[in-house]
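Right, one structure below, let's go through it.
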Amino acid sequence: MATRIVMSKLSPTMEEGRVLTWLKEEGDPVESGDVVVEVETDKATMEVESMGSGVLRKVLVPENTTVPTGTVLGVVAAADEDISSLLSGASTTAMTEAAPTPSARIEKEPAVEAGPSGTEGPSSASAVETVTTPAGDGGRTKVSPLARRMASEQGIALDAIRGTGPGGRIVKRDIEAAAHPHATPAAAPAAIDTGTGVPYERIELSQIRKAIARNLIQSLGPVPHFFLTVEIDMGHALQMRAELNKSLEDSGAKIGVNEILMKTAAQALLQHPNVNVAFAGDYIRRFRRVDIGLAVAVPDGLITPVLRDVGSKGLLQISEEMRSLIERGRAKKLAPEEYQGATFTISNLGMYGIDEFTAVITPPAATIMAVGATLDKPVVIDGSIQVRQRMRVTLSCDHRAVDGAMGAEFLASFKGMLENPLRLVL
Amino acid sequence: MAKKTASIKDSYDLVVIGSGPGGYVAAIRAAQLGMDVACVEAQLREGGLGGVCLNWGCIPAKALLESASLAHHVKHDAADFGVKIKSYDLDIAAAVNRSRQVSDRLTKGIKFLFDKNGVTSILGRARLAGEFDEQRVISSREALEMRKVPEKIVIVGAGSTGMEFADVFNAFGANVTIVEALPHLLPLEDEEIAGVVARSFKKRKIGVKAKTKVKSLEKTDTGLKVTVEAPSGDEVIECDVLLMAVGRTPNTEDLGLEAAGVNVNDQGWIDVDEYCQTGIEGIYAIGDVAGAPMLAHKASHEGMIAAEHIAGTQTHPLDRGNIPSCTYCHPEVASVGRTEKQAREDGFDIKVGKFPFSANGRALTAGAPDGMVKIVADAKYGEVLGVHMVGHSVTELLAETTLGRALETTVEEIAGTVHAHPTLAETVMEAALATLGRAIHI
């Protein structure tokens with residue numbers, strides 16, 4: 001008898017899964033209980049066993065493809081069995097065979113989440129339900145039929161929306177709010193466009209990345225921030241700056257601390273491209289260039305001129321270009337493309353005597369660095385107290401795109417380079 | 001003034017003024033949530049908890065309408081069903097007595113529920129009922145106790161109250177004329193639906209005068225002369241009794257609202273927020289006094305919401321766009337949401353699906369082919385913007401679509417839901433299919 005291999009709902013929050021690896025090829029013999037395919041859920045990577053024996057007749061979903069729960073992934077049947085009716089019905093009609101049960105080997109979390117009474121576990125019922133609904137939304141997301149249809153027609157991702165109906169159900173007003181994010185703060189913007197044309201690479205969201213994004217947005221709002229603070233010894237960097245400026249005396253040029261910070265940040269970002277990103281709703285943009293914005297106070301607010309491709313520029317060039325950008329910024333003469341679309345931003349309030357602070361991320365960027373004053377502080381070095389010039393920086397990260405360890409590794413590189421600035425020339 | 005019962009304390013967590021379908025529900029819900037609750041009722045009649053709804057409104061009127069329905073069958077079509085009735089008497093006094101018994105039973109039920117939930121009821125003094133037999137101009141309250149059928153009656157107002165009494169008095173043999181100032185009967189209902197009722201009324205020789213206003217009234221030795229201003233000119237209608245069935249007034253007088261600082265607006269309604277709070281902390285208003293529509297079920301839900309809000313329990317504001325409306329004349333009328341006209345005026349691109357009872361098996365077995373279900377749906381998303389029904393038992397049929405709207409069901413889900421056969425409910429499924437151009441049985 002023919003058996004369908006189905007993307008089963010393996011946890012209460014699972015709406016879709018990704019086919020990672022087919023362990024059998026079309027034509028391979030399959031025994032009942034054989035692991036046929038590996039799938040990635042929002043929690044873990046899991047193996048899917050065949051419930052029937054025969055031959056893997058058809059692979060319907062290729063590897064690295066994400067499909068809603070309930071989707072038929074493949075068909076196992078006898079070598080000469082007619083499976084045309086199964087294939088034609090795969091995407092549209094109800095199915096009668098039981099879906100395969102996942103095996104128990106799980107990398108991160110146990111599969112027992114699949115419902116205590118078995119009602120939410122893999123079953124032909126759950127498969128039927130989702131096969132007949134539009135792609136992208138599984139049975140377990142609480143969403144009204146109207147909201148689902150509106151989201152589907154308007155191309156709004158349901159997993160980016162926080163439901164305001166009873167029990168967190170996504171209802172019509174939530175879709176309307178998502179379609180017009182400024183009308184009400186109920187839902188997060190589904191996707192953000194930089195509009196600046198920085199070339200980027202599209203990184204598909206892993207299931208765990210989607211789960212993180214969905215969960216965090218529910219607790220913290222549209223851009224879920226977290227903050228990492230590190231104290232940096234600026235002695236060598238300031239000394240380098242003094243020497244550079246001395247050598248530049250004749251030319252009239254001058255390197256500022258901010259330019260050193262920008263250059264260092266660019267170098268560190270190139271080493272940690274996972275931080276040079278933006279969360280774009282259903283995927284992450286990993287930018288191929290480092291464009292750094294520098295927050296500059298102007299009489300009636302703030303402007304953030306953006307220096308393009310900082311990684312490829314030397315300190316002198318950075319300094320010259322920034323001077324021009326800041327002058328024109330203060331005169332309000334910057335073109336939009338000169339102050340929009342930074343992939344990283346630095347806000348320095350050190351000159352106001354602020355020791356340390358946290359800055360708010362400006363979408364679509366995923367990070368902003370808040371720089372405090374460089375102060376003489378007693379520091380224990382090799383068992384003796386020395387007075388050193390110390391500066392505290394705090395990195396704000398959009399947790400949907402950047403995790404704590406990613407941010408920390410970037411900061412460690414940033415700190416290391418500033419403390420040994422000769423590395424900047426490497 | 002209040003005749004206090006045994007254990008009345010000086011203070012309660014919540015005092016509910018009035019025991020109508022809003023008040024008594026609020027009192028019970030609050031008691032469920034652990035509050036110490038008293039409900040003060042200036043009785044409408046002895047033992048009469050339950051407000052207008054149970055004593056002089058919904059309940060006794062529907063009891064009379066059941067009598068009217070039975071009378072109609074006996075007079076007109078019992079023989080078609082194979083039940084031949086050789087002789088019968090229509091006894092409106094017996095019908096009224098039965099309707100009072102139903103009221104009594106339900107009002108006693110509220111007392112039982114109060115006792116069960118530990119709600120203290122504080123009863124006011126009963127008012128004496130007047131003698132209405134001689135009276136020529138009456139309200140619905142007097143009409144509910146008419147133990148003699150008037151020969152000719154004029155009913156002013158073709159809203160649900162006027163329509164229901166027209167039905168009752170017609171069934172008991174009175175010559176009925178109904179006068180409505182607005183363009184059609186049941187002015188708040190969908191025009192097409194109201195048209196079905198108008199045709200049925202005309203068939204039963206109920207006089208229907210739309211776009212007509214009462215100009216003057218003159219008492220004569222034998223009755224009343226009513227001068228009306230119709231589109232075709234002034235007319236004089238003679239009658240024994242004139243029933244005023246125009247509007248209802250919220251009972252906001254003599255509550256000390258002004259002294260408490262509670263704001264009553266120009267329409268006589270108390271201003272409240274989405275959780276029924278007045279501008280004064282700790283004072284909530286529900287039901288008729290809190291604004292239109294003045295319907296029992298709206299009051300009950302406001303009662304629950306207010307009690308839950310007072311208790312600090314999770315609650316949701318009332319969806320004012322999803323309050324059903326029912327009229328129990330024959331054929332019955334039921335609706336929820338926007339009429340076809342309103343949907344167009346609100347700028348929706350709509351699809352209208354209709355299905356007649358004449359094509360429904362269960363309706364034919366019940367001998368009730370006059371009726372239809374009409375669904376107004378948004379063309380793009382299939383949202384159920386409004387549902388309008390007329391026909392046998394449609395007041396029961398409506399709940400499916402009201403729930404559907406509350407759950408934001410689209411016409412696709414209604415059309416795709418298996419409805420038992422043979423049932424009247426199939427007409428709802430067929431109307432939903434009709435909005436999609438897929439109705440089967442027509």
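Naming scheme: A, B, ... for chains in displayed order of the structure tokens; residues 1 onward per chain; ligands 1 onward as shown.
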Give me, as a ChimeraX atom specification, the contact residues of chain A against chain B at a cut-off of 9 Å, counting only C-alpha atoms. /A:144-147,149-150,153,165-166,171-172
Go ahead and write the selection's residues with N, CA and C atoms as a PDB file, in the first residue's frame.
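File produced: result_25.pdb:
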ATOM      1  N   SER A 144      -7.846  34.010  12.615  1.00  0.00           N
ATOM      2  CA  SER A 144      -9.191  33.873  12.076  1.00  0.00           C
ATOM      3  C   SER A 144      -9.120  33.632  10.582  1.00  0.00           C
ATOM      4  N   PRO A 145     -10.119  32.936  10.026  1.00  0.00           N
ATOM      5  CA  PRO A 145     -10.095  32.674   8.582  1.00  0.00           C
ATOM      6  C   PRO A 145      -9.994  33.972   7.773  1.00  0.00           C
ATOM      7  N   LEU A 146     -10.690  34.990   8.231  1.00  0.00           N
ATOM      8  CA  LEU A 146     -10.652  36.264   7.504  1.00  0.00           C
ATOM      9  C   LEU A 146      -9.248  36.858   7.545  1.00  0.00           C
ATOM     10  N   ALA A 147      -8.639  36.847   8.744  1.00  0.00           N
ATOM     11  CA  ALA A 147      -7.293  37.409   8.886  1.00  0.00           C
ATOM     12  C   ALA A 147      -6.303  36.631   8.025  1.00  0.00           C
ATOM     13  N   ARG A 149      -6.913  35.003   5.301  1.00  0.00           N
ATOM     14  CA  ARG A 149      -7.106  35.301   3.883  1.00  0.00           C
ATOM     15  C   ARG A 149      -6.560  36.686   3.534  1.00  0.00           C
ATOM     16  N   MET A 150      -6.816  37.659   4.416  1.00  0.00           N
ATOM     17  CA  MET A 150      -6.313  39.010   4.154  1.00  0.00           C
ATOM     18  C   MET A 150      -4.784  39.012   4.122  1.00  0.00           C
ATOM     19  N   GLU A 153      -3.592  37.459   0.881  1.00  0.00           N
ATOM     20  CA  GLU A 153      -3.782  38.323  -0.289  1.00  0.00           C
ATOM     21  C   GLU A 153      -2.818  39.510  -0.278  1.00  0.00           C
ATOM     22  N   GLY A 165      -6.612  39.156  19.444  1.00  0.00           N
ATOM     23  CA  GLY A 165      -7.904  38.551  19.755  1.00  0.00           C
ATOM     24  C   GLY A 165      -7.800  37.695  21.013  1.00  0.00           C
ATOM     25  N   PRO A 166      -8.919  37.056  21.377  1.00  0.00           N
ATOM     26  CA  PRO A 166      -8.902  36.206  22.569  1.00  0.00           C
ATOM     27  C   PRO A 166      -7.796  35.151  22.477  1.00  0.00           C
ATOM     28  N   VAL A 171      -6.485  38.473  14.425  1.00  0.00           N
ATOM     29  CA  VAL A 171      -7.782  38.823  13.862  1.00  0.00           C
ATOM     30  C   VAL A 171      -7.623  39.945  12.852  1.00  0.00           C
ATOM     31  N   LYS A 172      -8.722  40.299  12.216  1.00  0.00           N
ATOM     32  CA  LYS A 172      -8.721  41.278  11.126  1.00  0.00           C
ATOM     33  C   LYS A 172      -7.950  42.550  11.483  1.00  0.00           C
TER      34      LYS A 172
END
What's around Ala198 of chain B at 7 Å? Count only C-alpha atoms, leave out sequence neighbours fewer than 4 positions away in its own chain, and write the answer as number ranges by chain. B: 185, 194, 202
Given the selection you just returned, output its residues as a file containing N, CA and C atoms, formatted as a tab-separated table (two decimals), in the first residue's frame.
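Written out: selection.tsv:
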chain	number	residue	atom	x	y	z
B	185	LEU	N	-41.62	48.92	6.33
B	185	LEU	CA	-41.79	48.22	7.59
B	185	LEU	C	-40.42	47.79	8.10
B	194	ALA	N	-37.63	43.14	4.57
B	194	ALA	CA	-38.86	43.79	5.04
B	194	ALA	C	-39.97	43.63	4.01
B	202	LYS	N	-49.80	41.79	4.01
B	202	LYS	CA	-50.88	42.20	3.12
B	202	LYS	C	-51.77	41.01	2.78
Near Ala210 of chain B, counting only C-alpha atoms, which residues have an atom at most 12 Å away, once you skip same-chain residues fewer than 3 positions from it, shown as a ChimeraX atom specification? /B:155-159,177-187,194-195,198,207,213-214,228-232
File of the preceding selection, N, CA and C atoms, as a short mmCIF file (atom, residue, chain, number, x, y, z; two decimals), in the first residue's frame:
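Once written, out25.cif looks like this:
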data_model
loop_
_atom_site.label_atom_id
_atom_site.label_comp_id
_atom_site.auth_asym_id
_atom_site.auth_seq_id
_atom_site.Cartn_x
_atom_site.Cartn_y
_atom_site.Cartn_z
N ILE B 155 -51.82 50.45 14.92
CA ILE B 155 -50.52 50.36 15.60
C ILE B 155 -49.58 51.37 14.97
N VAL B 156 -49.03 52.25 15.81
CA VAL B 156 -48.13 53.28 15.30
C VAL B 156 -46.69 52.82 15.55
N GLY B 157 -45.96 52.64 14.46
CA GLY B 157 -44.57 52.18 14.57
C GLY B 157 -44.46 50.76 14.08
N ALA B 158 -43.63 50.54 13.04
CA ALA B 158 -43.47 49.21 12.47
C ALA B 158 -42.08 48.65 12.78
N GLY B 159 -41.58 48.99 13.97
CA GLY B 159 -40.37 48.31 14.46
C GLY B 159 -40.78 46.94 14.97
N THR B 177 -54.28 47.86 11.43
CA THR B 177 -53.57 48.75 10.50
C THR B 177 -52.29 49.20 11.17
N ILE B 178 -51.16 49.06 10.47
CA ILE B 178 -49.88 49.48 11.05
C ILE B 178 -49.36 50.68 10.26
N VAL B 179 -48.96 51.69 11.01
CA VAL B 179 -48.56 52.97 10.42
C VAL B 179 -47.09 53.23 10.73
N GLU B 180 -46.31 53.50 9.68
CA GLU B 180 -44.86 53.72 9.88
C GLU B 180 -44.45 54.98 9.12
N ALA B 181 -43.72 55.86 9.80
CA ALA B 181 -43.30 57.12 9.17
C ALA B 181 -42.18 56.91 8.16
N LEU B 182 -41.33 55.91 8.40
CA LEU B 182 -40.19 55.68 7.51
C LEU B 182 -40.63 54.90 6.27
N PRO B 183 -39.73 54.79 5.27
CA PRO B 183 -40.16 54.25 3.97
C PRO B 183 -40.62 52.80 3.97
N HIS B 184 -40.19 51.96 4.91
CA HIS B 184 -40.69 50.58 4.87
C HIS B 184 -40.86 50.02 6.27
N LEU B 185 -41.62 48.92 6.33
CA LEU B 185 -41.79 48.22 7.59
C LEU B 185 -40.42 47.79 8.10
N LEU B 186 -40.30 47.56 9.40
CA LEU B 186 -39.01 47.18 9.98
C LEU B 186 -37.89 48.05 9.42
N PRO B 187 -37.95 49.35 9.70
CA PRO B 187 -37.06 50.28 9.01
C PRO B 187 -35.57 50.02 9.23
N ALA B 194 -37.63 43.14 4.57
CA ALA B 194 -38.86 43.79 5.04
C ALA B 194 -39.97 43.63 4.01
N GLY B 195 -39.59 43.62 2.73
CA GLY B 195 -40.58 43.46 1.66
C GLY B 195 -41.28 42.11 1.75
N ALA B 198 -43.82 42.43 4.44
CA ALA B 198 -44.92 43.29 4.02
C ALA B 198 -45.90 42.52 3.14
N GLY B 207 -53.43 45.95 7.40
CA GLY B 207 -53.23 47.20 6.68
C GLY B 207 -51.83 47.72 6.94
N LYS B 213 -47.59 59.42 8.69
CA LYS B 213 -47.47 59.93 10.06
C LYS B 213 -48.86 60.17 10.64
N VAL B 214 -48.95 59.99 11.96
CA VAL B 214 -50.20 60.33 12.64
C VAL B 214 -50.24 61.84 12.83
N VAL B 228 -54.23 60.49 9.55
CA VAL B 228 -52.84 60.25 9.18
C VAL B 228 -52.50 60.98 7.90
N GLU B 229 -51.21 61.31 7.79
CA GLU B 229 -50.72 61.99 6.60
C GLU B 229 -49.92 60.97 5.79
N ALA B 230 -50.56 60.48 4.71
CA ALA B 230 -49.93 59.47 3.86
C ALA B 230 -49.40 60.17 2.61
N PRO B 231 -48.53 59.49 1.83
CA PRO B 231 -48.01 60.11 0.61
C PRO B 231 -49.14 60.53 -0.33
N SER B 232 -50.25 59.81 -0.29
CA SER B 232 -51.35 60.12 -1.21
C SER B 232 -52.28 61.19 -0.64
#
Show me, as a ChimeraX atom specification, the residues that have an atom within 8 Å of segment 350-362 of chain B when counting only C-alpha atoms, minus same-chain residues fewer than 4 positions from it. /B:340,343-344,366,368-379,391,422-424,426-428,430-437,441-442
Excluding Leu64 of chain B and any residue of its chain fewer than 6 positions from it, enumerate the residues within 12 Å of it, using only C-alpha atoms, and give them as number ranges by chain. B: 56-58, 70-71, 91-103, 143-147, 164-172, 328-329
Please produce a file of the residues just selected, as an mmCIF file, in the first residue's frame, where the atoms kept are C-alpha atoms.
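And here is the file that came out, out04.cif:
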data_model
loop_
_atom_site.group_PDB
_atom_site.id
_atom_site.type_symbol
_atom_site.label_atom_id
_atom_site.label_comp_id
_atom_site.auth_asym_id
_atom_site.auth_seq_id
_atom_site.Cartn_x
_atom_site.Cartn_y
_atom_site.Cartn_z
ATOM 1 C CA TRP B 56 -43.490 43.434 29.981
ATOM 2 C CA GLY B 57 -41.314 42.851 26.952
ATOM 3 C CA CYS B 58 -39.575 40.070 25.117
ATOM 4 C CA LEU B 70 -51.052 28.289 16.647
ATOM 5 C CA ALA B 71 -54.201 30.297 15.892
ATOM 6 C CA ASP B 91 -59.519 33.120 23.642
ATOM 7 C CA ILE B 92 -57.058 35.995 24.002
ATOM 8 C CA ALA B 93 -57.644 36.083 27.761
ATOM 9 C CA ALA B 94 -56.347 32.516 28.022
ATOM 10 C CA ALA B 95 -53.397 33.443 25.821
ATOM 11 C CA VAL B 96 -52.616 36.403 28.070
ATOM 12 C CA ASN B 97 -52.895 34.227 31.179
ATOM 13 C CA ARG B 98 -50.460 31.746 29.702
ATOM 14 C CA SER B 99 -48.024 34.503 28.810
ATOM 15 C CA ARG B 100 -48.190 35.818 32.398
ATOM 16 C CA GLN B 101 -47.439 32.325 33.687
ATOM 17 C CA VAL B 102 -44.361 32.102 31.499
ATOM 18 C CA SER B 103 -43.203 35.488 32.816
ATOM 19 C CA ALA B 143 -51.350 45.457 25.104
ATOM 20 C CA LEU B 144 -49.693 42.507 26.824
ATOM 21 C CA GLU B 145 -52.619 42.283 29.202
ATOM 22 C CA MET B 146 -55.489 42.898 26.783
ATOM 23 C CA ARG B 147 -57.960 40.196 27.603
ATOM 24 C CA GLU B 164 -45.230 41.599 16.707
ATOM 25 C CA PHE B 165 -48.467 43.059 18.093
ATOM 26 C CA ALA B 166 -49.854 43.449 14.587
ATOM 27 C CA ASP B 167 -49.263 39.730 14.143
ATOM 28 C CA VAL B 168 -50.878 38.788 17.472
ATOM 29 C CA PHE B 169 -53.993 40.926 17.062
ATOM 30 C CA ASN B 170 -54.431 39.819 13.471
ATOM 31 C CA ALA B 171 -54.261 36.167 14.493
ATOM 32 C CA PHE B 172 -56.888 36.751 17.181
ATOM 33 C CA TYR B 328 -40.879 37.402 16.117
ATOM 34 C CA CYS B 329 -43.763 38.258 13.853
#
Pick out the closest residue to Ala280 of chain A from this set: A:Pro363, A:Gly252, A:Pro305, A:Pro378. Count only C-alpha atoms. A:Pro363
Just give me the gap between atom CA of Arg285 of chain A and atom CA of Gly407 of chain A in Å, one decimal is fine. 16.3 Å
Can you tell me which residues surround Ser206 of chain A at a distance of at most 12 Å, considering only C-alpha atoms, apart from same-chain residues fewer than 2 positions away, and format the answer as a ChimeraX atom specification? /A:16-20,39-45,64-66,203-204,208-213,282-284,400-401
